[in-house]
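Working notes, structure below.
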Amino acid sequence: MKVVNTPQPPKGVLGRADLLALGVGQVIGAGVVSLVGPAIAQTGLSVWLVYFISVLMGLLWCIPYIFLTSALRLSGGRYSVVAGLLGAAPAGYISVSILISTYTCASFATAMGSYVQSIFPAIPAQAAGIALWTLFFVVNLCGIGAVAKLQKIMTWTLIGTLLLFVVFGITKLNNPVFEVGAPDFFLNGNEGIFVAAMLLFSSTKGYYTNMNYGKDCKDATRDIPWSMLATVPIIAVIYCGVAVVAAGVLPIEQVAGQPLTLVAKAILPSSLFVIFMIFGPLGALATTTNGALANIPYAIAQSCKDGWLPKSFASTNKRGSFWKIEIFIYLSGLLPLLLKLNISVITSNMLLFSSCMSLIEAVAFFRLPTKYPEAWKKARLHVPDPVYYALVGVSTLLNVFVIFRSMKSLTPALAMVSILLLAGCGVYILFRMKKTDMEVYSSMWAPDEEMEKD
């Protein structure tokens, strides 16, 4: 297998505002609407405090991505991380896993359709899901510039809608949400805090996907880590504010386990409630869907260039969109919806499989200071090596702990599906490595490395 050094691609079109909108839009998903109620059932009035803890946990989990992107520009996101720090074979494994995992995108189309039907009962959920999924697919075929423009509009509209909910709700608080000694503040004690934090944690770390946009950034090593860090205070304010209102207006027994829409209906005038439903939960799903369609193709495209997948699969149209990969992702999300498959089962089947992939990345991060010593020394967010290793270690332990907790819910059947997927990927990678035409191209660059001519 031949390794080929290539100059880094020319600067892209994405700036800080674009990346911030992509990061915030990716992390604020439907979870902000659907998860707060179950979290209240676990921890009561302190749900806002637990959400803040979860945001900090998300930051710890994302720390390795923030440090890495401050030192190196990535062309293929997760694939480039593993290829550059661990080697070709583990990277090939990652590339195939990302391709297989695109089937979980079916949850986006299904959820959007369900929310549209909840607002407009006359519209079939399946038809609404297909229409919106197709809309975002078409937008992504128009290139990253069009995606970023739409994402900025949707993200700031979403934030405005959630802030509207918070402002109206703050004026109608009835419960002592800031009194630590209140009877329902820690409803189920330490165990409730722990369970709620683990539940909310999943909705606090999606901004790490901004690392995928390195190829299309104006200044990747400056703007990508900045956008990740800037996302944290925004989601902290939004999430904690929403949680305060969710637990503070109606009696705890009424909101525990219920979606946020119950409180929204109680505090908002009917006209504003409709606006909230459209631009709140549906808007959150829309920004996440648009962001996913935008960031997933990068890793797959780079792996095609290296030969793990057919090179022609990474063809681009005149707008720079990986149109064949986008079609594949589109069909991956569409077919389960058309066939009316159980999306939760599909997602559960991927749990062990995707968890093993994340551990491969975790191992890769430890090699940054030794694999790219000069780039690491010049990193915009450089810290002493012991501090870096300690932070990456904490992130890895958190990752392992979350995986362990998640695995406890797996049935033998679900575990077997993931094991078969892992084995199948391994067989495929061994087969591809025997091909003599494979060339692994560099897809990580220090800012001062040679750049291609436009």
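Chains: A, B, ... in order of the structure tokens. Residues: from 1 per chain. Ligands: from 1, in order shown.
Residue neighbourhood of Lys11 (chain A), excluding near-sequence residues (fewer than 6 positions): Lys215, Asp216, Cys217, Lys218, Asp219, Ala220, Met451 and Asp454 of chain A, at 9 Å, using only C-alpha atoms.
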Just C-alpha atoms for this one: save the residues we selected as a CSV table (one decimal), in the first residue's frame.
```csv
chain,number,residue,atom,x,y,z
A,215,LYS,CA,-11.5,21.3,3.4
A,216,ASP,CA,-14.1,24.0,2.9
A,217,CYS,CA,-12.9,26.5,5.6
A,218,LYS,CA,-11.2,29.8,5.0
A,219,ASP,CA,-9.0,29.2,8.1
A,220,ALA,CA,-9.6,25.7,9.4
A,451,MET,CA,-1.2,24.7,-0.6
A,454,ASP,CA,-6.5,27.6,-7.4
```
Contacts of Trp61 (chain A) at 9 Å (only C-alpha atoms; same-chain gap of 2+ positions) as a PyMOL selection string = chain A and resi 56-59+63-65+205+392+394-396+398-399
Hey, can you spit out that residue selection with N, CA, C and O atoms as a compact mmCIF listing (two decimals), in the first residue's frame?
```
# COMPACT_ATOMS: atom_id res chain seq x y z
N LEU A 56 -21.07 20.41 30.19
CA LEU A 56 -19.65 20.30 30.54
C LEU A 56 -19.11 18.92 30.17
O LEU A 56 -17.97 18.79 29.70
N MET A 57 -19.92 17.88 30.38
CA MET A 57 -19.51 16.53 29.97
C MET A 57 -19.31 16.47 28.46
O MET A 57 -18.35 15.86 27.97
N GLY A 58 -20.21 17.12 27.72
CA GLY A 58 -20.07 17.16 26.27
C GLY A 58 -18.79 17.84 25.84
O GLY A 58 -18.12 17.42 24.90
N LEU A 59 -18.43 18.93 26.55
CA LEU A 59 -17.18 19.64 26.26
C LEU A 59 -15.97 18.74 26.51
O LEU A 59 -15.04 18.69 25.69
N ILE A 63 -13.17 17.63 23.69
CA ILE A 63 -11.86 18.26 23.85
C ILE A 63 -10.82 17.75 22.85
O ILE A 63 -10.08 18.55 22.24
N PRO A 64 -10.68 16.44 22.62
CA PRO A 64 -9.66 15.98 21.66
C PRO A 64 -9.86 16.55 20.26
O PRO A 64 -8.89 16.89 19.58
N TYR A 65 -11.11 16.66 19.83
CA TYR A 65 -11.40 17.22 18.51
C TYR A 65 -11.01 18.69 18.44
O TYR A 65 -10.52 19.18 17.42
N LYS A 205 -23.10 17.22 22.43
CA LYS A 205 -21.76 17.09 21.84
C LYS A 205 -21.72 17.05 20.32
O LYS A 205 -20.66 16.85 19.73
N VAL A 392 -7.27 14.14 27.19
CA VAL A 392 -7.69 13.09 26.26
C VAL A 392 -8.05 11.82 27.04
O VAL A 392 -9.00 11.11 26.70
N VAL A 394 -9.31 11.72 30.10
CA VAL A 394 -10.63 11.94 30.70
C VAL A 394 -11.72 11.75 29.65
O VAL A 394 -12.76 11.11 29.90
N SER A 395 -11.50 12.30 28.46
CA SER A 395 -12.47 12.14 27.37
C SER A 395 -12.67 10.67 27.02
O SER A 395 -13.80 10.20 26.81
N THR A 396 -11.57 9.92 26.96
CA THR A 396 -11.65 8.50 26.62
C THR A 396 -12.40 7.71 27.70
O THR A 396 -13.24 6.86 27.39
N LEU A 398 -14.63 8.87 29.72
CA LEU A 398 -16.04 9.23 29.60
C LEU A 398 -16.69 8.46 28.46
O LEU A 398 -17.82 7.95 28.59
N ASN A 399 -15.96 8.35 27.36
CA ASN A 399 -16.45 7.60 26.21
C ASN A 399 -16.69 6.14 26.56
O ASN A 399 -17.74 5.56 26.25
```
Sorted by chain and rising residue number, list the residues of region 241-359 of chain A at most 12 Å from region 87-100 of chain A (counting only C-alpha atoms), each with its closest atom pair and distance in Å to one decimal, as a Markdown table.
```
| residue | atom | partner | partner_atom | distance |
| --- | --- | --- | --- | --- |
| A:Ala292 | CA | A:Ile98 | CA | 12.0 |
| A:Asn295 | CA | A:Ile98 | CA | 11.4 |
| A:Ile296 | CA | A:Ile98 | CA | 7.8 |
| A:Pro297 | CA | A:Leu99 | CA | 9.0 |
| A:Tyr298 | CA | A:Ser95 | CA | 10.2 |
| A:Ala299 | CA | A:Ser95 | CA | 6.6 |
| A:Ile300 | CA | A:Ser95 | CA | 5.9 |
| A:Ala301 | CA | A:Ser95 | CA | 9.1 |
| A:Gln302 | CA | A:Ser95 | CA | 8.6 |
| A:Ser303 | CA | A:Ser95 | CA | 6.0 |
| A:Cys304 | CA | A:Ser95 | CA | 8.7 |
| A:Lys305 | CA | A:Ser95 | CA | 11.3 |
| A:Asp306 | CA | A:Gly92 | CA | 9.0 |
| A:Gly307 | CA | A:Gly92 | CA | 9.0 |
| A:Trp308 | CA | A:Gly92 | CA | 6.0 |
| A:Leu309 | CA | A:Val96 | CA | 8.1 |
| A:Pro310 | CA | A:Val96 | CA | 11.8 |
| A:Phe313 | CA | A:Leu99 | CA | 11.7 |
| A:Ile325 | CA | A:Leu99 | CA | 9.2 |
| A:Glu326 | CA | A:Leu99 | CA | 11.2 |
| A:Phe328 | CA | A:Leu99 | CA | 9.0 |
| A:Ile329 | CA | A:Leu99 | CA | 8.4 |
| A:Ser332 | CA | A:Ile100 | CA | 9.1 |
| A:Gly333 | CA | A:Ile100 | CA | 11.7 |
| A:Ile346 | CA | A:Ile100 | CA | 11.2 |
| A:Thr347 | CA | A:Ile100 | CA | 11.5 |
| A:Asn349 | CA | A:Ile100 | CA | 11.4 |
| A:Met350 | CA | A:Ile100 | CA | 9.0 |
| A:Leu351 | CA | A:Ser97 | CA | 11.7 |
| A:Leu352 | CA | A:Ser97 | CA | 11.5 |
| A:Phe353 | CA | A:Ser97 | CA | 7.9 |
| A:Ser354 | CA | A:Ser97 | CA | 7.3 |
| A:Ser355 | CA | A:Ser97 | CA | 10.6 |
| A:Cys356 | CA | A:Ile94 | CA | 9.7 |
| A:Met357 | CA | A:Ile94 | CA | 6.3 |
| A:Ser358 | CA | A:Ile94 | CA | 8.9 |
| A:Leu359 | CA | A:Ile94 | CA | 10.6 |
```
For Phe52 (chain A), which residue out of A:Ile327, A:Val232, A:Ala146, A:Ala362 is the nearest one, using only C-alpha atoms?
->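 Looking only at the distances to Phe52 (chain A), the closest residue turns out to be A:Val232.
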Residues flagged helix (DSSP H, G or I) by DSSP in region 86-311 of chain A, as a count of residues only | 177
Listing only residues of region 46-122 of chain A within 9 Å of region 17-38 of chain A, what is the closest atom pair and its distance in Å (to one decimal) for each, using only C-alpha atoms, sorted by chain and residue number ascending, as a tab-separated table?
```
residue	atom	partner	partner_atom	distance
A:Val47	CA	A:Val36	CA	7.6
A:Tyr51	CA	A:Val36	CA	8.8
A:Ala111	CA	A:Ala30	CA	8.6
```
Residue subset to file, keeping N, CA and C atoms, as a tab-separated table (two decimals), in the first residue's frame:
```
chain	number	residue	atom	x	y	z
A	47	VAL	N	-33.28	19.94	37.07
A	47	VAL	CA	-32.97	19.51	35.71
A	47	VAL	C	-32.09	20.52	34.99
A	51	TYR	N	-28.56	19.68	33.31
A	51	TYR	CA	-28.28	20.00	31.90
A	51	TYR	C	-26.94	20.73	31.77
A	111	ALA	N	-38.76	11.27	12.03
A	111	ALA	CA	-39.10	12.21	13.09
A	111	ALA	C	-39.71	13.49	12.53
```
Within 12 Å of region 69-86 of chain A, which residues of region 9-49 of chain A come that close, and what is the closest atom pair and distance in Å for each? Count only C-alpha atoms and give it as a tab-separated table.
```
residue	atom	partner	partner_atom	distance
A:Pro9	CA	A:Ser75	CA	8.4
A:Pro10	CA	A:Ser75	CA	11.1
A:Lys11	CA	A:Arg73	CA	10.6
A:Gly12	CA	A:Ser75	CA	11.2
```
Please produce a file of the residues just selected, as a short mmCIF file (atom, residue, chain, number, x, y, z; two decimals), in the first residue's frame, where the atoms kept are N, CA, C and O atoms.
```
data_model
loop_
_atom_site.label_atom_id
_atom_site.label_comp_id
_atom_site.auth_asym_id
_atom_site.auth_seq_id
_atom_site.Cartn_x
_atom_site.Cartn_y
_atom_site.Cartn_z
N PRO A 9 -5.50 21.35 0.05
CA PRO A 9 -6.36 22.02 -0.94
C PRO A 9 -6.46 23.51 -0.68
O PRO A 9 -6.13 23.99 0.41
N PRO A 10 -6.90 24.27 -1.68
CA PRO A 10 -7.05 25.72 -1.49
C PRO A 10 -8.05 26.04 -0.38
O PRO A 10 -8.84 25.19 0.02
N LYS A 11 -8.01 27.29 0.09
CA LYS A 11 -8.96 27.70 1.12
C LYS A 11 -10.39 27.59 0.61
O LYS A 11 -10.67 27.79 -0.57
N GLY A 12 -11.31 27.29 1.55
CA GLY A 12 -12.71 27.15 1.19
C GLY A 12 -13.50 28.43 1.45
O GLY A 12 -12.94 29.51 1.60
#
```
Using only C-alpha atoms, find each residue in region 211-240 of chain A having at least one atom no more than 12 Å away from region 193-203 of chain A; report its shortest atom-to-atom pair and that distance in Å (one decimal), rows by chain then rising number, as JSON lines.
```
{"residue": "A:Val232", "atom": "CA", "partner": "A:Ser203", "partner_atom": "CA", "distance": 11.9}
{"residue": "A:Ile235", "atom": "CA", "partner": "A:Ser203", "partner_atom": "CA", "distance": 9.8}
{"residue": "A:Ala236", "atom": "CA", "partner": "A:Ser203", "partner_atom": "CA", "distance": 11.3}
{"residue": "A:Tyr239", "atom": "CA", "partner": "A:Ser203", "partner_atom": "CA", "distance": 9.7}
{"residue": "A:Cys240", "atom": "CA", "partner": "A:Leu200", "partner_atom": "CA", "distance": 11.4}
```
Residues from last step as file, N, CA and C atoms, as a PDB file, in the first residue's frame:
```
ATOM      1  N   VAL A 232     -20.489  26.109  22.938  1.00  0.00           N
ATOM      2  CA  VAL A 232     -20.740  25.645  24.311  1.00  0.00           C
ATOM      3  C   VAL A 232     -21.561  26.645  25.131  1.00  0.00           C
ATOM      4  N   ILE A 235     -25.302  26.819  23.779  1.00  0.00           N
ATOM      5  CA  ILE A 235     -26.200  25.714  24.131  1.00  0.00           C
ATOM      6  C   ILE A 235     -26.414  25.644  25.643  1.00  0.00           C
ATOM      7  N   ALA A 236     -25.436  26.102  26.426  1.00  0.00           N
ATOM      8  CA  ALA A 236     -25.618  26.113  27.881  1.00  0.00           C
ATOM      9  C   ALA A 236     -26.760  27.054  28.262  1.00  0.00           C
ATOM     10  N   TYR A 239     -30.182  25.517  26.705  1.00  0.00           N
ATOM     11  CA  TYR A 239     -30.624  24.309  27.386  1.00  0.00           C
ATOM     12  C   TYR A 239     -31.040  24.585  28.831  1.00  0.00           C
ATOM     13  N   CYS A 240     -30.217  25.327  29.558  1.00  0.00           N
ATOM     14  CA  CYS A 240     -30.539  25.595  30.962  1.00  0.00           C
ATOM     15  C   CYS A 240     -31.790  26.468  31.080  1.00  0.00           C
TER      16      CYS A 240
END
```
What is the CA of Val147 (chain A) to CA of Leu282 (chain A) distance in Å?
-> 17.5 Å
So which residues touch Tyr389 (chain A) within 10 Å, counting only C-alpha atoms, skipping near sequence neighbours fewer than 3 positions away, as a count of residues only?
-> 14
With the cut-off set at 12 Å and counting only C-alpha atoms, tabulate each residue of region 219-246 of chain A with an atom at most that distance from an atom of region 252-260 of chain A, showing the nearest atom pair and its distance in Å to one decimal, ordered by chain and increasing number, as CSV.
```
residue,atom,partner,partner_atom,distance
A:Tyr239,CA,A:Leu260,CA,11.9
A:Val242,CA,A:Leu260,CA,8.7
A:Ala243,CA,A:Leu260,CA,9.2
A:Val244,CA,A:Leu260,CA,11.5
A:Val245,CA,A:Leu260,CA,9.5
A:Ala246,CA,A:Leu260,CA,6.6
```
Create the file for the chosen residues now, containing C-alpha atoms and written as a compact mmCIF listing (two decimals), in the first residue's frame.
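Once everything was written out, this is part.txt:
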```txt
# COMPACT_ATOMS: atom_id res chain seq x y z
CA TYR A 239 -30.62 24.31 27.39
CA VAL A 242 -35.46 25.80 28.57
CA ALA A 243 -35.00 23.39 31.49
CA VAL A 244 -35.78 26.11 34.08
CA VAL A 245 -39.10 26.86 32.38
CA ALA A 246 -39.91 23.20 31.72
```
DSSP on the backbone, then: every residue of region 270-445 of chain A marked strand (DSSP E), written as a list of chain:residue names.
-> A:Glu439, A:Val440, A:Tyr441, A:Met444, A:Trp445
The residue from A:Leu173, A:Ile40, A:Ala446, A:Leu341 with the smallest atom-to-atom distance to Leu187 (chain A), counting only C-alpha atoms, is A:Ile40
How many Å lie between CA of Gly129 (chain A) and CA of Leu339 (chain A), rounded to one decimal?
-> 12.9 Å
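Closest approach to Thr157 (chain A) from the set A:Thr287, A:Ser315, A:Ser101, A:Gln8 is made by A:Thr287, with distances taken over only C-alpha atoms.
CA of Ala264 (chain A) to CA of Ile238 (chain A) spans 15.0 Å [interatomic distance, one decimal].
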Which of these, A:Val180, A:Val249, A:Leu162, A:Ile130, has the shortest distance to Ile275 (chain A) once you count only C-alpha atoms?
->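 Among the listed residues, the smallest separation from Ile275 (chain A) belongs to A:Leu162.
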